[in-house]
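Engineer: Here's a structure for you.
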Amino acid sequence: MTRIQLDTQPDKYLISIDRSAVDRQWLVQLIERLRLEELAGQFNFGEDVEALGEQIKADWWAKNKSRFINE
């Protein structure tokens with residue numbers, strides 16, 4: 001048996017994770033991430049919001065690039 005297993009039922013997915021595979025903190029963080037993804041999926045972001053997000057990322061990268069890449 002694998003350490004992480006996915007079972008499919010008619011109305012849900014069941015994920016089984018061997019306790020020795022991950023620690024509790026990692027699992028809690030994964031569940032929080034899944035909840036955030038679910039909430040984000042419920043919003044209808046328009047193209048304007050996506051363009052703003054891309055501009056914010058580009059600006060951040062321009063300001064912080066030197067911290068990660070030595071030129």
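Labels for the structure tokens follow display order: chains A, B, ..., residues from 1 in each chain, ligands from 1.
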Show me, as a PyMOL selection string, the residues that have an atom within 12 Å of Ile15 in chain A when counting only C-alpha atoms, minus same-chain residues fewer than 4 positions from it.
Structural biologist: chain A and resi 2-9+27+31
Engineer: Those same residues - N, CA and C atoms - I'd like them written as an mmCIF file, in the first residue's frame.
Structural biologist:
```
data_model
loop_
_atom_site.group_PDB
_atom_site.id
_atom_site.type_symbol
_atom_site.label_atom_id
_atom_site.label_comp_id
_atom_site.auth_asym_id
_atom_site.auth_seq_id
_atom_site.Cartn_x
_atom_site.Cartn_y
_atom_site.Cartn_z
ATOM 1 N N THR A 2 0.470 2.245 -0.771
ATOM 2 C CA THR A 2 1.222 3.481 -0.820
ATOM 3 C C THR A 2 0.938 4.331 0.408
ATOM 4 N N ARG A 3 1.801 5.287 0.659
ATOM 5 C CA ARG A 3 1.662 6.134 1.838
ATOM 6 C C ARG A 3 0.533 7.141 1.691
ATOM 7 N N ILE A 4 0.201 7.476 0.456
ATOM 8 C CA ILE A 4 -0.921 8.372 0.182
ATOM 9 C C ILE A 4 -1.808 7.677 -0.834
ATOM 10 N N GLN A 5 -3.085 7.565 -0.501
ATOM 11 C CA GLN A 5 -4.007 6.815 -1.349
ATOM 12 C C GLN A 5 -5.259 7.647 -1.594
ATOM 13 N N LEU A 6 -5.758 7.615 -2.823
ATOM 14 C CA LEU A 6 -6.977 8.319 -3.191
ATOM 15 C C LEU A 6 -8.036 7.297 -3.569
ATOM 16 N N ASP A 7 -9.179 7.390 -2.914
ATOM 17 C CA ASP A 7 -10.317 6.546 -3.241
ATOM 18 C C ASP A 7 -11.444 7.431 -3.745
ATOM 19 N N THR A 8 -12.153 6.962 -4.748
ATOM 20 C CA THR A 8 -13.249 7.724 -5.332
ATOM 21 C C THR A 8 -14.571 7.062 -4.981
ATOM 22 N N GLN A 9 -15.494 7.884 -4.484
ATOM 23 C CA GLN A 9 -16.855 7.447 -4.229
ATOM 24 C C GLN A 9 -17.774 8.282 -5.108
ATOM 25 N N LEU A 27 0.108 18.547 7.451
ATOM 26 C CA LEU A 27 -1.255 18.200 7.066
ATOM 27 C C LEU A 27 -2.207 19.369 7.297
ATOM 28 N N ILE A 31 -4.471 21.324 4.455
ATOM 29 C CA ILE A 31 -5.923 21.516 4.553
ATOM 30 C C ILE A 31 -6.266 23.000 4.461
#
```
Engineer: Could you please determine the separation between CA of Ala62 in chain A and CA of Phe45 in chain A in Å, to one decimal place?
Structural biologist: 24.9 Å
Engineer: In Å to one decimal, how far is CA of Glu37 in chain A from CA of Glu50 in chain A?
Structural biologist: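 Value for the CA of Glu50 in chain A-CA of Glu37 in chain A distance: 15.9 Å.
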Engineer: Residues of chain A classed as helix (DSSP H, G or I) by DSSP on the backbone are to be reported as a PyMOL selection string.
Structural biologist: chain A and resi 24-42+47-68
Engineer: Mind the document's chain letters and residue numbers, and return as a list in words the residues of chain A that DSSP labels strand (DSSP E or B).
Structural biologist: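 Here is the list: Ile4, Gln5, Leu6, Asp7, Thr8, Gln9, Lys12, Tyr13, Leu14, Ile15, Ser16 and Ile17 of chain A.
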Engineer: May I ask for the distance between CA of Ala58 in chain A and CA of Arg35 in chain A, given in Å to one decimal place?
Structural biologist: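 So the two atoms, CA of Ala58 in chain A and CA of Arg35 in chain A, lie 26.8 Å apart.
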